[in-house]
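Asks: Have a look at the structure that comes next, please.
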Amino acid sequence: MAMALPLAGCGDTGGGGGSKERAAAAIEAARAYQQASVDQDWEAACEARTERLRQSWGTDTIAECVEITGAPRLGNNSDTRVSTGEAVEVSAFSPHPAGIGLRVTLETGTGELGMTTHTALRLVPGKQGTWLVDQAVNLVDTEGTDAEAVRAALGRK
């Protein structure tokens, strides 16, 4: 599964169509990144991360990233659903550059056996017109999952 998506309207910092295209490309990159993790496609998931994020996890190469994240999961992920929230501009927060933040939600199972997790992702422009995940922060239920919760989470960790 390919994660590298073209960066639409990357020169447009204002509103308008370019900004919407930019947000749409970042949303799709975030969804594809999370789906790769659900599908245990570790190479695609690692390729969708910035070098900075991979190095913060102690890996210098894609192969090393795959090795440490590639442990098989117990259980069946076939019923896991991936959804994304609204894309919002996020300010730089050391060492992370400014980019687009959004919530990604994973829903597995239903009823009492169901589980929902929310993660705030920071996506930044990568090489060759792609969007890459530069930061991932788990959101807890008390924080909410709206744009302000995403900005707050990506601005403190």
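Each chain in the structure tokens gets a letter, A, B and so on, in the order shown; residues start at 1 in every chain, and ligands are counted from 1 in the order they appear.
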With only C-alpha atoms as the counted atoms, please give the residues lying no more than 8 Å from segment 62-73 of chain A, apart from itself and same-chain residues fewer than 5 positions off, as number ranges by chain.
Replies: A: 40, 42-43, 46-47, 54
Asks: Just want the 7 Å neighbourhood of Val124 of chain A, counted on only C-alpha atoms, with same-chain residues fewer than 4 positions away dropped. Output as a ChimeraX atom specification.
Replies: /A:99-100,131-134
Asks: With N, CA and C atoms retained, export the selected residues as a PDB file, in the first residue's frame.
Replies:
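Ended up saving to result07.pdb:
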```pdb
ATOM      1  N   GLY A  99       2.634  22.080  10.117  1.00  0.00           N
ATOM      2  CA  GLY A  99       2.058  21.137   9.167  1.00  0.00           C
ATOM      3  C   GLY A  99       0.558  21.074   9.320  1.00  0.00           C
ATOM      4  N   ILE A 100       0.015  19.908   9.065  1.00  0.00           N
ATOM      5  CA  ILE A 100      -1.414  19.665   9.204  1.00  0.00           C
ATOM      6  C   ILE A 100      -1.614  18.605  10.275  1.00  0.00           C
ATOM      7  N   TRP A 131       3.158  13.686   1.727  1.00  0.00           N
ATOM      8  CA  TRP A 131       2.859  14.024   3.116  1.00  0.00           C
ATOM      9  C   TRP A 131       3.361  12.878   3.972  1.00  0.00           C
ATOM     10  N   LEU A 132       4.084  13.205   5.046  1.00  0.00           N
ATOM     11  CA  LEU A 132       4.629  12.190   5.939  1.00  0.00           C
ATOM     12  C   LEU A 132       4.197  12.464   7.373  1.00  0.00           C
ATOM     13  N   VAL A 133       4.030  11.403   8.145  1.00  0.00           N
ATOM     14  CA  VAL A 133       3.687  11.526   9.556  1.00  0.00           C
ATOM     15  C   VAL A 133       4.950  11.885  10.325  1.00  0.00           C
ATOM     16  N   ASP A 134       4.899  13.003  11.065  1.00  0.00           N
ATOM     17  CA  ASP A 134       6.052  13.466  11.829  1.00  0.00           C
ATOM     18  C   ASP A 134       5.827  13.345  13.335  1.00  0.00           C
TER      19      ASP A 134
END
```
Asks: Could you tell me, as a JSON list (two decimals) with N, CA and C atoms, in the first residue's frame, which residues of chain A DSSP assigns to helix (DSSP H, G or I) when given the backbone?
Replies:
```
[["chain", "number", "residue", "atom", "x", "y", "z"],
["A", 17, "GLY", "N", -9.06, 26.85, -2.97],
["A", 17, "GLY", "CA", -8.94, 25.49, -3.44],
["A", 17, "GLY", "C", -7.64, 24.82, -3.10],
["A", 18, "GLY", "N", -6.52, 25.55, -3.18],
["A", 18, "GLY", "CA", -5.23, 24.94, -2.88],
["A", 18, "GLY", "C", -5.17, 24.44, -1.46],
["A", 19, "SER", "N", -5.71, 25.20, -0.54],
["A", 19, "SER", "CA", -5.72, 24.81, 0.87],
["A", 19, "SER", "C", -6.58, 23.56, 1.08],
["A", 20, "LYS", "N", -7.72, 23.48, 0.40],
["A", 20, "LYS", "CA", -8.60, 22.31, 0.50],
["A", 20, "LYS", "C", -7.93, 21.08, -0.08],
["A", 21, "GLU", "N", -7.25, 21.24, -1.21],
["A", 21, "GLU", "CA", -6.55, 20.12, -1.83],
["A", 21, "GLU", "C", -5.41, 19.65, -0.94],
["A", 22, "ARG", "N", -4.72, 20.58, -0.33],
["A", 22, "ARG", "CA", -3.62, 20.28, 0.58],
["A", 22, "ARG", "C", -4.14, 19.47, 1.77],
["A", 23, "ALA", "N", -5.24, 19.92, 2.36],
["A", 23, "ALA", "CA", -5.84, 19.21, 3.48],
["A", 23, "ALA", "C", -6.31, 17.82, 3.07],
["A", 24, "ALA", "N", -6.94, 17.72, 1.91],
["A", 24, "ALA", "CA", -7.43, 16.42, 1.43],
["A", 24, "ALA", "C", -6.28, 15.43, 1.23],
["A", 25, "ALA", "N", -5.17, 15.90, 0.68],
["A", 25, "ALA", "CA", -4.01, 15.03, 0.49],
["A", 25, "ALA", "C", -3.44, 14.57, 1.83],
["A", 26, "ALA", "N", -3.38, 15.47, 2.81],
["A", 26, "ALA", "CA", -2.88, 15.11, 4.14],
["A", 26, "ALA", "C", -3.81, 14.11, 4.82],
["A", 27, "ILE", "N", -5.12, 14.32, 4.70],
["A", 27, "ILE", "CA", -6.10, 13.40, 5.28],
["A", 27, "ILE", "C", -5.93, 12.01, 4.68],
["A", 28, "GLU", "N", -5.81, 11.94, 3.38],
["A", 28, "GLU", "CA", -5.66, 10.63, 2.73],
["A", 28, "GLU", "C", -4.35, 9.96, 3.15],
["A", 29, "ALA", "N", -3.27, 10.72, 3.29],
["A", 29, "ALA", "CA", -1.99, 10.15, 3.74],
["A", 29, "ALA", "C", -2.11, 9.61, 5.16],
["A", 30, "ALA", "N", -2.81, 10.33, 6.03],
["A", 30, "ALA", "CA", -3.00, 9.88, 7.42],
["A", 30, "ALA", "C", -3.84, 8.60, 7.46],
["A", 31, "ARG", "N", -4.91, 8.57, 6.68],
["A", 31, "ARG", "CA", -5.77, 7.39, 6.65],
["A", 31, "ARG", "C", -5.00, 6.17, 6.12],
["A", 32, "ALA", "N", -4.23, 6.38, 5.06],
["A", 32, "ALA", "CA", -3.46, 5.29, 4.47],
["A", 32, "ALA", "C", -2.37, 4.79, 5.43],
["A", 33, "TYR", "N", -1.74, 5.72, 6.15],
["A", 33, "TYR", "CA", -0.73, 5.35, 7.16],
["A", 33, "TYR", "C", -1.36, 4.47, 8.24],
["A", 34, "GLN", "N", -2.49, 4.89, 8.77],
["A", 34, "GLN", "CA", -3.13, 4.12, 9.83],
["A", 34, "GLN", "C", -3.65, 2.79, 9.30],
["A", 35, "GLN", "N", -4.16, 2.77, 8.07],
["A", 35, "GLN", "CA", -4.65, 1.52, 7.48],
["A", 35, "GLN", "C", -3.48, 0.55, 7.28],
["A", 36, "ALA", "N", -2.32, 1.04, 6.89],
["A", 36, "ALA", "CA", -1.14, 0.18, 6.74],
["A", 36, "ALA", "C", -0.79, -0.47, 8.07],
["A", 37, "SER", "N", -0.90, 0.27, 9.15],
["A", 37, "SER", "CA", -0.64, -0.32, 10.47],
["A", 37, "SER", "C", -1.67, -1.39, 10.81],
["A", 38, "VAL", "N", -2.93, -1.12, 10.54],
["A", 38, "VAL", "CA", -3.99, -2.10, 10.78],
["A", 38, "VAL", "C", -3.73, -3.36, 9.97],
["A", 42, "TRP", "N", 4.05, -3.12, 7.49],
["A", 42, "TRP", "CA", 5.00, -2.31, 8.24],
["A", 42, "TRP", "C", 5.92, -1.50, 7.34],
["A", 43, "GLU", "N", 6.25, -2.03, 6.18],
["A", 43, "GLU", "CA", 7.12, -1.26, 5.28],
["A", 43, "GLU", "C", 6.41, 0.02, 4.83],
["A", 44, "ALA", "N", 5.15, -0.10, 4.44],
["A", 44, "ALA", "CA", 4.40, 1.08, 4.02],
["A", 44, "ALA", "C", 4.24, 2.06, 5.18],
["A", 45, "ALA", "N", 3.94, 1.55, 6.37],
["A", 45, "ALA", "CA", 3.79, 2.42, 7.54],
["A", 45, "ALA", "C", 5.10, 3.15, 7.85],
["A", 46, "CYS", "N", 6.21, 2.44, 7.79],
["A", 46, "CYS", "CA", 7.51, 3.06, 8.08],
["A", 46, "CYS", "C", 7.89, 4.09, 7.01],
["A", 47, "GLU", "N", 7.58, 3.79, 5.76],
["A", 47, "GLU", "CA", 7.88, 4.73, 4.68],
["A", 47, "GLU", "C", 7.05, 6.01, 4.80],
["A", 51, "GLU", "N", 11.89, 10.84, 8.65],
["A", 51, "GLU", "CA", 13.14, 10.32, 9.22],
["A", 51, "GLU", "C", 13.26, 10.71, 10.69],
["A", 52, "ARG", "N", 12.85, 11.93, 11.01],
["A", 52, "ARG", "CA", 12.89, 12.41, 12.40],
["A", 52, "ARG", "C", 12.07, 11.50, 13.32],
["A", 53, "LEU", "N", 10.85, 11.13, 12.91],
["A", 53, "LEU", "CA", 10.01, 10.26, 13.72],
["A", 53, "LEU", "C", 10.63, 8.88, 13.85],
["A", 54, "ARG", "N", 11.11, 8.33, 12.76],
["A", 54, "ARG", "CA", 11.75, 7.01, 12.83],
["A", 54, "ARG", "C", 12.95, 7.04, 13.76],
["A", 55, "GLN", "N", 13.76, 8.08, 13.67],
["A", 55, "GLN", "CA", 14.94, 8.17, 14.53],
["A", 55, "GLN", "C", 14.56, 8.34, 15.99],
["A", 56, "SER", "N", 13.45, 9.03, 16.27],
["A", 56, "SER", "CA", 13.01, 9.19, 17.66],
["A", 56, "SER", "C", 12.61, 7.83, 18.25],
["A", 62, "ILE", "N", 14.49, 2.26, 7.02],
["A", 62, "ILE", "CA", 13.17, 1.65, 6.88],
["A", 62, "ILE", "C", 13.23, 0.21, 7.38],
["A", 63, "ALA", "N", 14.29, -0.51, 7.04],
["A", 63, "ALA", "CA", 14.41, -1.92, 7.46],
["A", 63, "ALA", "C", 14.42, -2.04, 8.99],
["A", 64, "GLU", "N", 15.14, -1.15, 9.68],
["A", 64, "GLU", "CA", 15.16, -1.18, 11.14],
["A", 64, "GLU", "C", 13.78, -0.84, 11.70],
["A", 65, "CYS", "N", 13.10, 0.11, 11.09],
["A", 65, "CYS", "CA", 11.75, 0.48, 11.52],
["A", 65, "CYS", "C", 10.81, -0.71, 11.39],
["A", 66, "VAL", "N", 10.88, -1.41, 10.26],
["A", 66, "VAL", "CA", 10.04, -2.58, 10.04],
["A", 66, "VAL", "C", 10.33, -3.64, 11.10],
["A", 67, "GLU", "N", 11.60, -3.81, 11.42],
["A", 67, "GLU", "CA", 12.00, -4.82, 12.40],
["A", 67, "GLU", "C", 11.40, -4.55, 13.78],
["A", 68, "ILE", "N", 11.42, -3.29, 14.23],
["A", 68, "ILE", "CA", 10.92, -3.03, 15.58],
["A", 68, "ILE", "C", 9.40, -2.89, 15.64],
["A", 69, "THR", "N", 8.77, -2.52, 14.53],
["A", 69, "THR", "CA", 7.31, -2.37, 14.56],
["A", 69, "THR", "C", 6.60, -3.59, 13.99],
["A", 111, "GLY", "N", -20.14, -3.24, 20.51],
["A", 111, "GLY", "CA", -20.69, -3.50, 21.83],
["A", 111, "GLY", "C", -19.62, -3.49, 22.92],
["A", 112, "GLU", "N", -19.78, -4.37, 23.90],
["A", 112, "GLU", "CA", -18.86, -4.43, 25.03],
["A", 112, "GLU", "C", -17.46, -4.85, 24.62],
["A", 113, "LEU", "N", -17.35, -5.58, 23.54],
["A", 113, "LEU", "CA", -16.04, -6.04, 23.08],
["A", 113, "LEU", "C", -15.37, -5.03, 22.15],
["A", 127, "LYS", "N", 9.66, 14.77, 0.87],
["A", 127, "LYS", "CA", 10.35, 14.90, -0.41],
["A", 127, "LYS", "C", 9.43, 14.44, -1.53],
["A", 128, "GLN", "N", 9.65, 14.96, -2.70],
["A", 128, "GLN", "CA", 8.93, 14.57, -3.90],
["A", 128, "GLN", "C", 7.42, 14.73, -3.76],
["A", 129, "GLY", "N", 6.98, 15.79, -3.07],
["A", 129, "GLY", "CA", 5.58, 16.13, -3.01],
["A", 129, "GLY", "C", 4.71, 15.16, -2.24],
["A", 141, "ASP", "N", -10.08, 10.11, 26.11],
["A", 141, "ASP", "CA", -11.48, 10.53, 26.01],
["A", 141, "ASP", "C", -11.75, 11.89, 26.61],
["A", 142, "THR", "N", -11.06, 12.24, 27.69],
["A", 142, "THR", "CA", -11.33, 13.51, 28.35],
["A", 142, "THR", "C", -10.86, 14.71, 27.53],
["A", 143, "GLU", "N", -9.98, 14.48, 26.55],
["A", 143, "GLU", "CA", -9.48, 15.58, 25.73],
["A", 143, "GLU", "C", -10.44, 15.95, 24.61],
["A", 147, "ALA", "N", -10.75, 19.63, 16.66],
["A", 147, "ALA", "CA", -9.55, 20.30, 16.16],
["A", 147, "ALA", "C", -8.70, 20.89, 17.29],
["A", 148, "GLU", "N", -9.34, 21.48, 18.29],
["A", 148, "GLU", "CA", -8.58, 22.07, 19.40],
["A", 148, "GLU", "C", -7.84, 21.01, 20.20],
["A", 149, "ALA", "N", -8.45, 19.84, 20.39],
["A", 149, "ALA", "CA", -7.78, 18.75, 21.10],
["A", 149, "ALA", "C", -6.57, 18.26, 20.32],
["A", 150, "VAL", "N", -6.70, 18.21, 18.99],
["A", 150, "VAL", "CA", -5.57, 17.79, 18.15],
["A", 150, "VAL", "C", -4.44, 18.81, 18.26],
["A", 151, "ARG", "N", -4.77, 20.09, 18.13],
["A", 151, "ARG", "CA", -3.74, 21.13, 18.26],
["A", 151, "ARG", "C", -3.06, 21.08, 19.62],
["A", 152, "ALA", "N", -3.85, 20.92, 20.68],
["A", 152, "ALA", "CA", -3.29, 20.88, 22.03],
["A", 152, "ALA", "C", -2.36, 19.69, 22.20],
["A", 153, "ALA", "N", -2.78, 18.51, 21.76],
["A", 153, "ALA", "CA", -1.96, 17.32, 21.91],
["A", 153, "ALA", "C", -0.64, 17.43, 21.13],
["A", 154, "LEU", "N", -0.71, 17.97, 19.91],
["A", 154, "LEU", "CA", 0.50, 18.09, 19.09],
["A", 154, "LEU", "C", 1.39, 19.25, 19.54]]
```
Asks: Go ahead and compute the interatomic distance for atom CA of Pro95 of chain A and atom CA of Asp146 of chain A, in Å to one decimal.
Replies: 23.5 Å
Asks: Figure out the distance between atom CA of Glu89 of chain A and atom CA of Gly101 of chain A, please, to one decimal in Å.
Replies: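 Taking atom CA of Gly101 of chain A as the start and atom CA of Glu89 of chain A as the end point, the length is 6.1 Å.
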